[in-house]
$ cat final.txt   # compact mmCIF, C-alpha atoms and all ligand atoms
# COMPACT_ATOMS: atom_id res chain seq x y z
CA MET A 1 6.61 35.53 -13.81
CA ASP A 2 9.79 34.19 -12.26
CA SER A 3 9.19 30.59 -13.18
CA LEU A 4 6.74 28.11 -14.64
CA ASP A 5 7.00 26.30 -11.33
CA PRO A 6 4.14 27.60 -9.17
CA ARG A 7 6.21 26.87 -6.09
CA ILE A 8 8.59 29.61 -7.20
CA ALA A 9 6.11 31.90 -8.96
CA ARG A 10 3.91 32.34 -5.89
CA LEU A 11 6.71 32.70 -3.35
CA HIS A 12 6.18 36.46 -3.07
CA ASP A 13 2.52 36.06 -2.15
CA ILE A 14 2.72 33.39 0.47
CA ARG A 15 3.76 34.20 3.97
CA ALA A 16 4.23 31.14 6.14
CA GLY A 17 2.60 31.18 9.51
CA GLU A 18 -0.42 33.27 8.59
CA VAL A 19 -3.42 31.14 9.43
CA PRO A 20 -6.81 32.53 8.38
CA THR A 21 -9.90 31.93 10.45
CA VAL A 22 -12.48 29.77 8.75
CA GLY A 23 -15.92 31.10 9.71
CA ALA A 24 -18.60 28.74 10.97
CA HIS A 25 -20.73 29.02 7.81
CA ASP A 26 -18.10 29.96 5.24
CA TYR A 27 -18.80 27.00 2.97
CA GLY A 28 -22.57 27.31 2.86
CA GLU A 29 -25.22 24.73 3.52
CA THR A 30 -25.47 21.31 1.96
CA TYR A 31 -27.57 20.24 -1.00
CA GLU A 32 -28.44 16.66 -1.82
CA VAL A 33 -27.63 15.70 -5.39
CA PHE A 34 -29.76 13.44 -7.59
CA HIS A 35 -28.30 12.13 -10.80
CA GLN A 36 -30.11 10.83 -13.88
CA ALA A 37 -28.00 8.69 -16.18
CA LYS A 38 -30.52 8.26 -18.99
CA ARG A 39 -33.82 9.74 -20.05
CA GLY A 40 -36.58 7.54 -18.71
CA LYS A 41 -34.58 6.38 -15.66
CA HIS A 42 -35.10 7.59 -12.12
CA HIS A 43 -32.93 10.30 -10.63
CA ALA A 44 -30.81 8.58 -7.99
CA HIS A 45 -29.24 10.12 -4.91
CA VAL A 46 -25.45 10.28 -5.28
CA GLY A 47 -24.23 12.57 -2.51
CA THR A 48 -24.07 16.15 -1.34
CA VAL A 49 -22.36 19.45 -2.15
CA HIS A 50 -21.83 22.65 -0.19
CA ALA A 51 -23.02 25.80 -1.94
CA PRO A 52 -24.28 29.31 -1.25
CA ASP A 53 -27.38 28.87 -3.45
CA PRO A 54 -29.18 26.30 -5.64
CA GLU A 55 -27.69 27.56 -8.92
CA LEU A 56 -24.16 27.08 -7.69
CA ALA A 57 -25.13 23.82 -6.07
CA LEU A 58 -25.99 22.62 -9.58
CA VAL A 59 -22.63 23.80 -10.91
CA TYR A 60 -20.77 21.99 -8.13
CA ALA A 61 -22.96 18.92 -8.59
CA LYS A 62 -22.00 18.82 -12.25
CA GLU A 63 -18.29 19.02 -11.40
CA GLN A 64 -18.49 16.50 -8.59
CA TYR A 65 -20.99 13.92 -9.83
CA GLY A 66 -21.20 14.52 -13.56
CA ARG A 67 -17.63 14.45 -14.74
CA ARG A 68 -17.60 10.77 -15.64
CA GLN A 69 -19.98 8.41 -17.39
CA GLN A 70 -23.34 9.36 -18.77
CA THR A 71 -25.53 12.08 -17.34
CA VAL A 72 -28.62 13.70 -18.82
CA ASN A 73 -29.94 15.59 -15.83
CA MET A 74 -29.39 16.47 -12.20
CA TRP A 75 -31.46 17.76 -9.32
CA VAL A 76 -30.30 19.47 -6.17
CA VAL A 77 -32.37 20.06 -3.07
CA ARG A 78 -31.44 21.66 0.24
CA THR A 79 -30.60 18.96 2.77
CA ALA A 80 -32.74 20.86 5.25
CA ASP A 81 -35.76 20.30 2.97
CA ILE A 82 -35.49 16.51 3.04
CA PHE A 83 -37.85 14.74 5.40
CA ALA A 84 -37.11 11.19 6.40
CA PHE A 85 -38.26 8.45 8.76
CA PRO A 86 -35.80 7.64 11.50
CA TYR A 87 -34.14 4.23 11.07
CA ASP A 88 -35.43 3.45 14.56
CA ASP A 89 -38.90 3.22 13.06
CA SER A 90 -37.98 0.79 10.31
CA ASP A 91 -39.83 -2.02 12.12
CA MET A 92 -43.04 -0.52 10.74
CA PHE A 93 -42.02 -2.01 7.38
CA ASP A 94 -41.22 -5.43 8.82
CA SER A 95 -44.47 -7.12 7.90
CA THR A 96 -44.59 -5.74 4.36
CA PRO A 97 -42.94 -8.74 2.69
CA GLN A 98 -45.57 -11.00 4.29
CA LYS A 99 -48.46 -9.10 2.73
CA ILE A 100 -48.93 -11.76 0.13
CA HIS A 101 -52.47 -10.51 -0.62
CA ARG A 102 -50.78 -7.56 -2.35
CA GLU A 103 -48.78 -9.80 -4.67
CA ALA A 104 -49.75 -11.54 -7.90
CA ALA A 105 -48.19 -14.68 -6.46
CA GLY A 106 -50.78 -14.61 -3.67
CA TYR A 107 -53.52 -15.77 -6.05
CA LYS A 108 -53.46 -19.39 -7.26
CA THR A 109 -56.45 -20.57 -9.28
CA ARG A 110 -55.08 -23.35 -11.49
CA ASP A 111 -55.86 -26.16 -8.99
CA LYS A 112 -59.46 -25.10 -8.70
CA ILE A 113 -59.87 -24.86 -12.47
CA GLU A 114 -58.37 -28.31 -12.97
CA ALA A 115 -60.62 -29.77 -10.27
CA TYR A 116 -63.66 -28.11 -11.81
CA LYS A 117 -62.84 -29.42 -15.31
CA LYS A 118 -62.35 -32.93 -13.96
CA LYS A 119 -65.70 -32.79 -12.26
CA GLN A 120 -67.43 -31.52 -15.39
CA ALA A 121 -65.94 -34.30 -17.48
CA GLN A 122 -67.35 -37.02 -15.23
CA MET B 1 -5.49 8.89 -3.11
CA TYR B 2 -4.82 8.85 -0.19
CA GLY B 3 -5.65 7.41 3.16
CA GLY B 4 -2.62 5.85 4.70
CA GLY B 5 -3.34 3.04 7.08
CA TYR B 6 -1.82 5.11 9.78
CA ILE B 7 -4.27 7.18 11.79
CA PRO B 8 -2.23 9.40 14.10
CA GLU B 9 -3.57 9.67 17.60
CA GLU B 10 -4.15 13.06 19.12
CA GLU B 11 -1.22 14.24 21.14
CA LYS B 12 -1.59 12.94 24.68
CA ARG B 13 -4.74 11.09 24.05
CA LYS B 14 -7.28 11.69 26.76
CA GLN B 15 -8.03 8.33 28.24
CA GLN B 16 -11.64 9.13 28.89
CA HIS B 17 -13.62 6.17 29.90
CA MET B 18 -16.52 6.07 27.59
CA GLU B 19 -19.23 4.03 29.21
CA GLU B 20 -21.72 2.68 26.74
CA ASP B 21 -25.13 1.17 27.34
CA PRO B 22 -24.34 -2.58 27.10
CA ALA B 23 -27.64 -3.45 25.42
CA LYS B 24 -27.20 -0.82 22.75
CA LEU B 25 -23.58 -1.79 22.25
CA ALA B 26 -24.55 -5.44 21.79
CA GLU B 27 -27.18 -4.48 19.24
CA PHE B 28 -24.67 -2.29 17.41
CA GLU B 29 -22.05 -5.02 17.31
CA ALA B 30 -24.60 -7.59 16.16
CA ARG B 31 -25.51 -5.30 13.29
CA ILE B 32 -21.84 -5.06 12.29
CA ASP B 33 -21.42 -8.84 12.53
CA ASN B 34 -24.40 -9.14 10.22
CA GLY B 35 -22.62 -7.07 7.60
CA GLU B 36 -25.09 -4.22 7.95
CA LYS B 37 -23.96 -0.63 7.42
CA ILE B 38 -24.21 1.98 10.15
CA GLU B 39 -25.95 5.17 9.02
CA PRO B 40 -25.50 8.72 10.38
CA HIS B 41 -28.51 8.82 12.70
CA ASP B 42 -28.08 5.33 14.10
CA TRP B 43 -26.90 4.86 17.65
CA MET B 44 -23.14 4.31 17.73
CA PRO B 45 -20.51 4.16 20.48
CA ALA B 46 -18.86 7.53 21.13
CA GLU B 47 -15.49 5.94 20.45
CA TYR B 48 -16.66 4.66 17.03
CA ARG B 49 -17.82 8.14 16.07
CA LYS B 50 -14.62 9.76 17.27
CA GLN B 51 -12.29 7.36 15.49
CA LEU B 52 -14.25 7.60 12.26
CA ILE B 53 -14.24 11.39 12.29
CA ARG B 54 -10.51 11.39 12.79
CA MET B 55 -9.88 8.79 10.14
CA ILE B 56 -12.15 10.25 7.45
CA GLU B 57 -11.01 13.80 8.16
CA GLN B 58 -7.36 12.83 7.83
CA HIS B 59 -8.17 11.00 4.64
CA ALA B 60 -9.93 14.12 3.27
CA HIS B 61 -6.98 16.37 4.17
CA SER B 62 -4.61 13.92 2.50
CA GLU B 63 -6.55 14.23 -0.76
CA ILE B 64 -6.51 18.03 -0.68
CA ILE B 65 -2.89 18.40 0.39
CA GLY B 66 -1.93 15.44 -1.80
CA SER B 67 -2.97 17.29 -4.92
CA LEU B 68 -0.46 20.09 -4.21
CA PRO B 69 2.80 18.35 -5.21
CA GLU B 70 1.24 17.07 -8.43
CA GLY B 71 -0.64 20.30 -9.06
CA THR B 72 2.60 22.22 -9.37
CA TRP B 73 3.52 20.04 -12.36
CA ILE B 74 0.46 20.85 -14.46
CA THR B 75 2.23 23.85 -15.99
CA ARG B 76 5.26 21.74 -16.82
CA ALA B 77 3.80 18.41 -17.93
CA PRO B 78 5.93 17.05 -20.78
CA SER B 79 3.10 16.65 -23.33
CA PHE B 80 -0.47 17.70 -23.92
CA LYS B 81 -1.72 14.20 -23.17
CA ARG B 82 0.12 14.10 -19.83
CA LYS B 83 -1.16 17.55 -18.96
CA MET B 84 -4.77 16.55 -19.64
CA ALA B 85 -4.37 13.40 -17.54
CA LEU B 86 -2.76 15.31 -14.69
CA ILE B 87 -5.44 18.01 -14.63
CA ALA B 88 -8.12 15.31 -14.55
CA LYS B 89 -6.34 13.45 -11.78
CA VAL B 90 -5.81 16.54 -9.64
CA GLN B 91 -9.46 17.49 -10.05
CA ASP B 92 -10.42 13.97 -8.97
CA GLU B 93 -8.27 14.26 -5.85
CA ILE B 94 -9.94 17.52 -4.86
CA GLY B 95 -13.28 15.84 -5.53
CA HIS B 96 -12.24 12.96 -3.25
CA GLY B 97 -11.49 15.46 -0.54
CA GLN B 98 -14.96 16.96 -0.95
CA LEU B 99 -16.66 13.55 -0.82
CA LEU B 100 -14.73 12.62 2.30
CA TYR B 101 -15.41 15.91 4.09
CA ASN B 102 -19.09 15.23 3.41
CA ALA B 103 -18.82 11.75 4.90
CA ALA B 104 -17.05 13.09 7.98
CA GLU B 105 -19.63 15.86 8.37
CA THR B 106 -22.39 13.28 8.75
CA LEU B 107 -20.72 12.36 12.05
CA GLY B 108 -21.07 15.87 13.45
CA LYS B 109 -17.90 17.83 12.69
CA SER B 110 -18.39 20.75 10.31
CA ARG B 111 -16.35 21.16 7.17
CA GLU B 112 -15.25 24.61 8.31
CA GLN B 113 -13.93 23.19 11.57
CA MET B 114 -12.01 20.46 9.75
CA MET B 115 -10.43 23.03 7.46
CA GLN B 116 -9.51 25.18 10.42
CA ASP B 117 -7.91 22.22 12.19
CA LEU B 118 -5.91 21.40 9.07
CA LEU B 119 -4.60 24.97 8.78
CA THR B 120 -3.59 25.22 12.43
CA GLY B 121 -1.86 21.84 12.27
CA LYS B 122 -4.22 20.22 14.76
CA SER B 123 -5.43 17.65 12.22
CA LYS B 124 -2.94 15.42 10.48
CA TYR B 125 -2.64 14.02 6.98
CA SER B 126 -0.59 11.39 5.19
CA ASN B 127 3.20 11.57 5.58
CA VAL B 128 3.96 11.19 1.87
CA PHE B 129 2.75 14.64 0.84
CA ASN B 130 5.40 16.37 2.89
CA TYR B 131 8.11 15.39 0.45
CA PRO B 132 8.89 17.46 -2.64
CA ALA B 133 8.08 16.47 -6.22
CA LYS B 134 11.41 17.60 -7.66
CA THR B 135 11.22 16.23 -11.19
CA TRP B 136 8.62 14.89 -13.60
CA ALA B 137 9.69 11.40 -12.53
CA ASP B 138 8.34 12.18 -9.06
CA VAL B 139 4.92 12.75 -10.63
CA ALA B 140 5.18 9.34 -12.30
CA VAL B 141 6.19 7.69 -9.01
CA ILE B 142 3.37 9.40 -7.11
CA GLY B 143 0.74 8.55 -9.74
CA PHE B 144 1.87 4.94 -9.90
CA LEU B 145 3.14 3.87 -6.48
CA ILE B 146 1.53 6.31 -4.04
CA ASP B 147 -1.84 5.92 -5.70
CA ALA B 148 -1.36 2.16 -5.74
CA ALA B 149 -0.64 2.17 -2.01
CA ALA B 150 -3.66 4.37 -1.38
CA ILE B 151 -5.84 2.01 -3.41
CA VAL B 152 -4.88 -0.95 -1.19
CA ASN B 153 -6.07 1.06 1.80
CA GLN B 154 -9.18 2.46 0.16
CA VAL B 155 -10.41 -0.81 -1.31
CA ALA B 156 -10.10 -2.39 2.14
CA ASN B 157 -11.90 0.49 3.87
CA SER B 158 -14.68 0.60 1.28
CA LYS B 159 -15.93 -2.61 2.91
CA GLY B 160 -16.04 -0.96 6.31
CA SER B 161 -19.14 -0.55 8.45
CA TYR B 162 -19.91 3.16 8.13
CA GLY B 163 -22.30 3.71 5.22
CA PRO B 164 -21.34 7.23 4.08
CA TYR B 165 -17.61 6.43 4.18
CA SER B 166 -17.91 3.19 2.28
CA ARG B 167 -20.16 4.77 -0.38
CA ALA B 168 -17.68 7.62 -0.86
CA LEU B 169 -14.83 5.10 -1.13
CA GLU B 170 -16.58 3.01 -3.75
CA ARG B 171 -16.80 6.03 -5.98
CA ILE B 172 -13.24 7.06 -5.16
CA CYS B 173 -11.85 3.60 -5.96
CA TYR B 174 -13.49 3.70 -9.36
CA GLU B 175 -11.63 6.93 -10.16
CA GLU B 176 -8.39 5.70 -8.58
CA SER B 177 -8.12 2.95 -11.16
CA PHE B 178 -7.60 5.67 -13.77
CA HIS B 179 -4.98 7.36 -11.55
CA LEU B 180 -3.06 4.14 -11.23
CA LYS B 181 -3.21 3.41 -14.96
CA GLN B 182 -2.07 6.85 -16.03
CA GLY B 183 0.66 6.78 -13.37
CA HIS B 184 1.88 3.40 -14.52
CA ASP B 185 1.82 4.64 -18.12
CA ALA B 186 3.98 7.67 -17.24
CA PHE B 187 6.28 5.43 -15.17
CA VAL B 188 6.75 2.89 -17.97
CA ALA B 189 7.35 5.68 -20.50
CA LEU B 190 10.32 6.91 -18.47
CA ALA B 191 11.55 3.41 -17.60
CA THR B 192 11.62 2.39 -21.26
CA GLY B 193 12.97 5.75 -22.44
CA THR B 194 16.45 7.22 -22.74
CA GLU B 195 19.27 6.62 -20.29
CA SER B 196 18.73 10.00 -18.65
CA GLN B 197 14.99 9.39 -18.31
CA ARG B 198 15.74 6.06 -16.61
CA ALA B 199 18.26 7.72 -14.33
CA MET B 200 15.74 10.42 -13.40
CA LEU B 201 13.14 7.74 -12.61
CA GLN B 202 15.57 5.64 -10.56
CA ASP B 203 16.48 8.74 -8.56
CA ALA B 204 12.81 9.43 -7.82
CA VAL B 205 12.18 5.78 -6.85
CA ASN B 206 15.15 5.96 -4.48
CA ARG B 207 13.82 9.09 -2.79
CA TRP B 208 10.24 7.79 -2.48
CA TYR B 209 11.09 4.32 -1.21
CA ARG B 210 11.21 5.16 2.47
CA PRO B 211 8.12 7.43 2.53
CA ILE B 212 6.24 4.61 0.76
CA ILE B 213 7.32 2.03 3.36
CA HIS B 214 6.19 4.55 6.01
CA PHE B 215 2.87 5.19 4.25
CA PHE B 216 0.90 2.41 5.94
CA GLY B 217 2.26 3.30 9.35
CA PRO B 218 4.20 1.27 11.92
CA SER B 219 3.19 -2.25 12.81
CA ASP B 220 -0.07 -2.33 14.74
CA LYS B 221 -0.82 -6.01 14.70
CA ASP B 222 -0.48 -6.30 18.48
CA SER B 223 -2.34 -3.08 19.29
CA VAL B 224 -5.49 -3.48 21.40
CA HIS B 225 -6.74 -0.27 19.86
CA THR B 226 -6.48 -1.69 16.34
CA GLY B 227 -8.27 -4.82 17.55
CA LYS B 228 -11.30 -2.80 18.57
CA LEU B 229 -11.31 -0.75 15.37
CA MET B 230 -11.20 -3.95 13.37
CA ARG B 231 -13.96 -5.45 15.52
CA TRP B 232 -16.13 -2.46 14.52
CA LYS B 233 -14.98 -2.56 10.89
CA VAL B 234 -13.57 0.93 11.10
CA LYS B 235 -10.23 -0.47 10.08
CA MET B 236 -10.32 -3.47 7.78
CA MET B 237 -6.69 -4.62 7.66
CA THR B 238 -3.64 -4.14 9.85
CA ASN B 239 -0.94 -1.76 8.64
CA ASP B 240 1.40 -4.70 8.09
CA ALA B 241 -1.16 -6.61 6.04
CA MET B 242 -1.81 -3.61 3.80
CA ARG B 243 1.91 -2.95 3.34
CA ASN B 244 2.51 -6.59 2.53
CA GLN B 245 -0.27 -6.62 -0.04
CA PHE B 246 1.12 -3.48 -1.65
CA LEU B 247 4.68 -4.81 -1.80
CA SER B 248 3.50 -8.13 -3.26
CA SER B 249 1.63 -6.41 -6.05
CA TYR B 250 3.94 -3.56 -6.96
CA VAL B 251 7.58 -4.38 -6.17
CA PRO B 252 7.64 -6.94 -9.02
CA LYS B 253 6.21 -4.32 -11.39
CA VAL B 254 9.16 -2.04 -10.65
CA TRP B 255 11.73 -4.83 -10.78
CA GLU B 256 10.48 -6.08 -14.16
CA LEU B 257 11.52 -2.73 -15.63
CA GLY B 258 15.11 -3.24 -14.44
CA LEU B 259 14.77 -0.63 -11.70
CA SER B 260 15.69 -1.19 -8.07
CA PHE B 261 14.81 -0.06 -4.57
CA PRO B 262 17.54 1.32 -2.34
CA ASP B 263 17.23 -1.52 0.18
CA PRO B 264 19.30 -4.70 -0.17
CA LYS B 265 17.11 -6.41 2.43
CA LEU B 266 13.87 -5.98 0.49
CA HIS B 267 12.65 -9.48 -0.35
CA LYS B 268 9.71 -11.83 -0.04
CA ASP B 269 10.11 -14.98 2.04
CA ASP B 270 8.62 -18.40 1.32
CA ASN B 271 5.48 -17.54 3.29
CA GLY B 272 4.77 -14.57 1.04
CA GLU B 273 5.84 -12.10 3.69
CA TRP B 274 7.96 -9.12 2.71
CA HIS B 275 10.99 -7.97 4.69
CA PHE B 276 12.80 -4.65 4.54
CA SER B 277 15.45 -2.70 6.45
CA ASP B 278 14.52 -0.62 9.45
CA PRO B 279 12.87 2.40 7.79
CA ASN B 280 13.62 4.80 10.66
CA TRP B 281 10.18 5.30 12.14
CA ASP B 282 11.46 8.35 13.93
CA GLU B 283 11.54 10.21 10.63
CA PHE B 284 7.93 9.14 10.04
CA TYR B 285 6.76 10.51 13.40
CA GLN B 286 8.61 13.77 12.77
CA VAL B 287 6.91 14.18 9.38
CA ILE B 288 3.47 13.45 10.84
CA LYS B 289 4.11 15.96 13.62
CA GLY B 290 4.79 18.69 11.09
CA ASN B 291 8.57 18.59 10.74
CA GLY B 292 8.89 17.02 7.28
CA PRO B 293 10.64 18.74 4.37
CA CYS B 294 7.45 20.35 3.02
CA ASN B 295 4.91 20.50 5.87
CA ALA B 296 5.24 24.25 6.36
CA GLU B 297 5.02 24.93 2.63
CA ARG B 298 1.93 22.76 2.15
CA LEU B 299 0.01 24.44 4.95
CA ALA B 300 1.17 27.90 3.90
CA VAL B 301 -0.16 27.29 0.38
CA ARG B 302 -3.51 26.01 1.71
CA SER B 303 -3.82 29.02 4.04
CA TRP B 304 -2.97 31.35 1.19
CA VAL B 305 -5.66 29.82 -1.03
CA GLU B 306 -8.20 30.07 1.78
CA THR B 307 -7.38 33.77 2.23
CA GLN B 308 -7.28 34.51 -1.51
CA HIS B 309 -10.70 33.00 -2.06
CA LYS B 310 -12.45 34.65 0.84
CA TRP B 311 -13.71 37.60 -1.21
CA ILE B 312 -15.21 35.21 -3.75
CA ARG B 313 -17.17 33.41 -1.05
CA GLU B 314 -18.30 36.68 0.44
CA ALA B 315 -19.50 37.89 -2.96
CA LEU B 316 -21.38 34.65 -3.54
CA PHE B 317 -23.08 34.74 -0.18
CA ASN B 318 -24.14 38.38 -0.47
CA PRO B 319 -24.93 38.77 -4.18
CA ASN B 320 -27.30 41.69 -3.57
CA ALA B 321 -24.94 43.77 -1.51
CA LYS B 322 -24.53 47.05 -3.40
CA TYR B 323 -21.94 49.72 -3.26
CA THR B 324 -23.57 52.97 -2.20
CA LEU B 325 -22.09 56.28 -3.27
CA PRO B 326 -21.54 58.65 -0.37
CA LEU B 327 -24.16 61.41 -0.26
CA SER B 328 -21.76 64.21 0.25
FE FE C 1 -7.80 10.20 -4.26
FE FE C 2 -5.56 9.16 -6.66
$ encode --input "final.txt" --output "structure tokens"
Amino acid sequence: MDSLDPRIARLHDIRAGEVPTVGAHDYGETYEVFHQAKRGKHHAHVGTVHAPDPELALVYAKEQYGRRQQTVNMWVVRTADIFAFPYDDSDMFDSTPQKIHREAAGYKTRDKIEAYKKKQAQ
Amino acid sequence: MYGGGYIPEEEKRKQQHMEEDPAKLAEFEARIDNGEKIEPHDWMPAEYRKQLIRMIEQHAHSEIIGSLPEGTWITRAPSFKRKMALIAKVQDEIGHGQLLYNAAETLGKSREQMMQDLLTGKSKYSNVFNYPAKTWADVAVIGFLIDAAAIVNQVANSKGSYGPYSRALERICYEESFHLKQGHDAFVALATGTESQRAMLQDAVNRWYRPIIHFFGPSDKDSVHTGKLMRWKVKMMTNDAMRNQFLSSYVPKVWELGLSFPDPKLHKDDNGEWHFSDPNWDEFYQVIKGNGPCNAERLAVRSWVETQHKWIREALFNPNAKYTLPLS
């Protein structure tokens, strides 16, 4: 080796002006990455990686999304295998918050009980 | 790092008139006014998509190319601790590039195409990475001041309207705080060290001053173009505002160490506005165009890596391909 400086050490290998062609699928397809911080918690979507297969997608996911803070587990799944509603259809969820009959707060009995007790006491 | 505020336009920008459906445009703008994020499959103006692709792609390239000057110092870091920090930082920068390529891809440009455009020089990246890192002090200046400048830009943009970009930036900003801290630590170590260490640091500060002033790009406060980008929350602050915020925060941190900048006009006025000498914007445009001191070297290294790694990718994609002995 000529030098500890890579700029000098690699001079022989690099020829300026040679531009390789990057093929249309050279980097592989994308995988969605799900990260679990703690046992018992949900896996949460954190992003994507490009990989040639699921095993390597896990390796890249570890490097990209698991190199800081706590991680106990990760999932990867091909982006192409994710099915989703279009945002254009999100109005179908509009009335959900009004469905008070699905909520505990939608049932109030105390008034009736108090009225009943009052009546009984008379 | 490293999105500068400056987003170079394509050469001879085609002034296509992009007609948008007024009803859809109004709905889109109302969503932005509401503070809602735009997601990949939402309707968006063609111009919004185009500007975002260019901006995020340039940001991604800046991360990848930006790791090259620092990367060459990993073998020569002055202590084990500095070497560990530098390896971690360089890995982060490559990771930032990956996150940003992903965000740009959601808008319809493939990662392969972005890489190709970087290698041919069609896509641009930040001016600052076309200057050499001559000494260890350059690594300290980059880690402290260039990362600091990039943070100003990235924190602002993380509040932008495009969901995938702002999510990527939130993660990036979290990691940048470590870059800034380790850079400041290396900077202070030299500034409070021996006379020759101080001299080496002052020399690096002198050489980086102008590229840092250039980093945010020329003034764009009167640009109609910037007005629209800010209206759509693609750009969150003008170049001048970002530069001013950077100078306010970091010039005092250099001055307090008894170091100086090679510009007698650099000062803050009573309104909190910073002034500096004419930084020769011509040099900036030349560097962006590809004529800086290291542009050719940076792209040659990236091309070389791409070529060197091709067989690895081919092996990974065809793991079952077998060598067959000739029959006769
Ligand atoms: Fe970065
Ligand atoms: Fe950084």
$ interface_residues --input "final.txt" --of "chain A" --to "chain B" --cutoff "6 Å" --atoms "all atoms listed in the file" --output "PDB file with C-alpha atoms, in the coordinates of the input"
ATOM      1  CA  PRO A   6       4.140  27.600  -9.170  1.00  0.00           C
ATOM      2  CA  ALA A  16       4.230  31.140   6.140  1.00  0.00           C
ATOM      3  CA  VAL A  19      -3.420  31.140   9.430  1.00  0.00           C
ATOM      4  CA  VAL A  22     -12.480  29.770   8.750  1.00  0.00           C
ATOM      5  CA  ALA A  24     -18.600  28.740  10.970  1.00  0.00           C
ATOM      6  CA  PRO A  52     -24.280  29.310  -1.250  1.00  0.00           C
TER       7      PRO A  52
END
$ residues_near_point --input "final.txt" --point "(16.3, -0.3, -2.3)" --cutoff "10 Å" --atoms "all atoms listed in the file" --output "PyMOL selection string"
chain B and resi 205-207+209-210+259-266+276-277
$ residues_near_ligand --input "final.txt" --ligand "ligand FE 2 (chain C)" --cutoff "9 Å" --atoms "all atoms listed in the file" --output "number ranges by chain"
B: 1-2, 63, 66-67, 89-90, 92-93, 96, 142-143, 146-148, 150-151, 172-173, 175-180
$ closest_residue --input "final.txt" --among "B:Phe80, B:Gly217, B:Val234, B:Gln154" --to "B:Met55" --atoms "only C-alpha atoms"
B:Val234
$ atom_distance --input "final.txt" --atom1 "atom CA of B:Arg49" --atom2 "atom CA of B:Ser161"
11.6 Å
$ residues_around --input "final.txt" --residues "stretch 188-197 of chain B" --least-positions-apart "2" --cutoff "12 Å" --atoms "all atoms listed in the file" --output "VMD selection string"
chain B and resid 78 82 135 to 141 143 to 144 180 to 186 199 to 205 253 to 260
$ write_last_selection --input "final.txt" --atoms "C-alpha atoms" --output "mmCIF file, keeping the file's coordinate frame"
data_model
loop_
_atom_site.group_PDB
_atom_site.id
_atom_site.type_symbol
_atom_site.label_atom_id
_atom_site.label_comp_id
_atom_site.auth_asym_id
_atom_site.auth_seq_id
_atom_site.Cartn_x
_atom_site.Cartn_y
_atom_site.Cartn_z
ATOM 1 C CA PRO B 78 5.930 17.050 -20.780
ATOM 2 C CA ARG B 82 0.120 14.100 -19.830
ATOM 3 C CA THR B 135 11.220 16.230 -11.190
ATOM 4 C CA TRP B 136 8.620 14.890 -13.600
ATOM 5 C CA ALA B 137 9.690 11.400 -12.530
ATOM 6 C CA ASP B 138 8.340 12.180 -9.060
ATOM 7 C CA VAL B 139 4.920 12.750 -10.630
ATOM 8 C CA ALA B 140 5.180 9.340 -12.300
ATOM 9 C CA VAL B 141 6.190 7.690 -9.010
ATOM 10 C CA GLY B 143 0.740 8.550 -9.740
ATOM 11 C CA PHE B 144 1.870 4.940 -9.900
ATOM 12 C CA LEU B 180 -3.060 4.140 -11.230
ATOM 13 C CA LYS B 181 -3.210 3.410 -14.960
ATOM 14 C CA GLN B 182 -2.070 6.850 -16.030
ATOM 15 C CA GLY B 183 0.660 6.780 -13.370
ATOM 16 C CA HIS B 184 1.880 3.400 -14.520
ATOM 17 C CA ASP B 185 1.820 4.640 -18.120
ATOM 18 C CA ALA B 186 3.980 7.670 -17.240
ATOM 19 C CA ALA B 199 18.260 7.720 -14.330
ATOM 20 C CA MET B 200 15.740 10.420 -13.400
ATOM 21 C CA LEU B 201 13.140 7.740 -12.610
ATOM 22 C CA GLN B 202 15.570 5.640 -10.560
ATOM 23 C CA ASP B 203 16.480 8.740 -8.560
ATOM 24 C CA ALA B 204 12.810 9.430 -7.820
ATOM 25 C CA VAL B 205 12.180 5.780 -6.850
ATOM 26 C CA LYS B 253 6.210 -4.320 -11.390
ATOM 27 C CA VAL B 254 9.160 -2.040 -10.650
ATOM 28 C CA TRP B 255 11.730 -4.830 -10.780
ATOM 29 C CA GLU B 256 10.480 -6.080 -14.160
ATOM 30 C CA LEU B 257 11.520 -2.730 -15.630
ATOM 31 C CA GLY B 258 15.110 -3.240 -14.440
ATOM 32 C CA LEU B 259 14.770 -0.630 -11.700
ATOM 33 C CA SER B 260 15.690 -1.190 -8.070
#
$ atom_distance --input "final.txt" --atom1 "atom CA of B:Tyr48" --atom2 "atom CA of B:Lys159"
15.9 Å
$ axis_aligned_box --input "final.txt" --around "stretch 70-83 of chain A" --padding-each-side "5 Å" --output "lines of an AutoDock Vina configuration file"
center_x = -30.6
center_y = 15.5
center_z = -6.7
size_x = 24.5
size_y = 22.3
size_z = 34.2
$ closest_atom_pairs --input "final.txt" --of "stretch 31-51 of chain A" --to "stretch 61-84 of chain A" --cutoff "7 Å" --atoms "all atoms listed in the file" --output "tab-separated table"
residue	atom	partner	partner_atom	distance
A:Tyr31	CA	A:Arg78	CA	4.3
A:Glu32	CA	A:Val77	CA	5.3
A:Val33	CA	A:Val76	CA	4.7
A:Phe34	CA	A:Trp75	CA	5.0
A:His35	CA	A:Met74	CA	4.7
A:Gln36	CA	A:Asn73	CA	5.1
A:Ala37	CA	A:Thr71	CA	4.4
A:Lys38	CA	A:Val72	CA	5.8
A:Arg39	CA	A:Val72	CA	6.7
A:Val49	CA	A:Ala61	CA	6.5
$ write_last_selection --input "final.txt" --atoms "C-alpha atoms" --output "compact mmCIF listing (two decimals), keeping the file's coordinate frame"
# COMPACT_ATOMS: atom_id res chain seq x y z
CA TYR A 31 -27.57 20.24 -1.00
CA GLU A 32 -28.44 16.66 -1.82
CA VAL A 33 -27.63 15.70 -5.39
CA PHE A 34 -29.76 13.44 -7.59
CA HIS A 35 -28.30 12.13 -10.80
CA GLN A 36 -30.11 10.83 -13.88
CA ALA A 37 -28.00 8.69 -16.18
CA LYS A 38 -30.52 8.26 -18.99
CA ARG A 39 -33.82 9.74 -20.05
CA VAL A 49 -22.36 19.45 -2.15
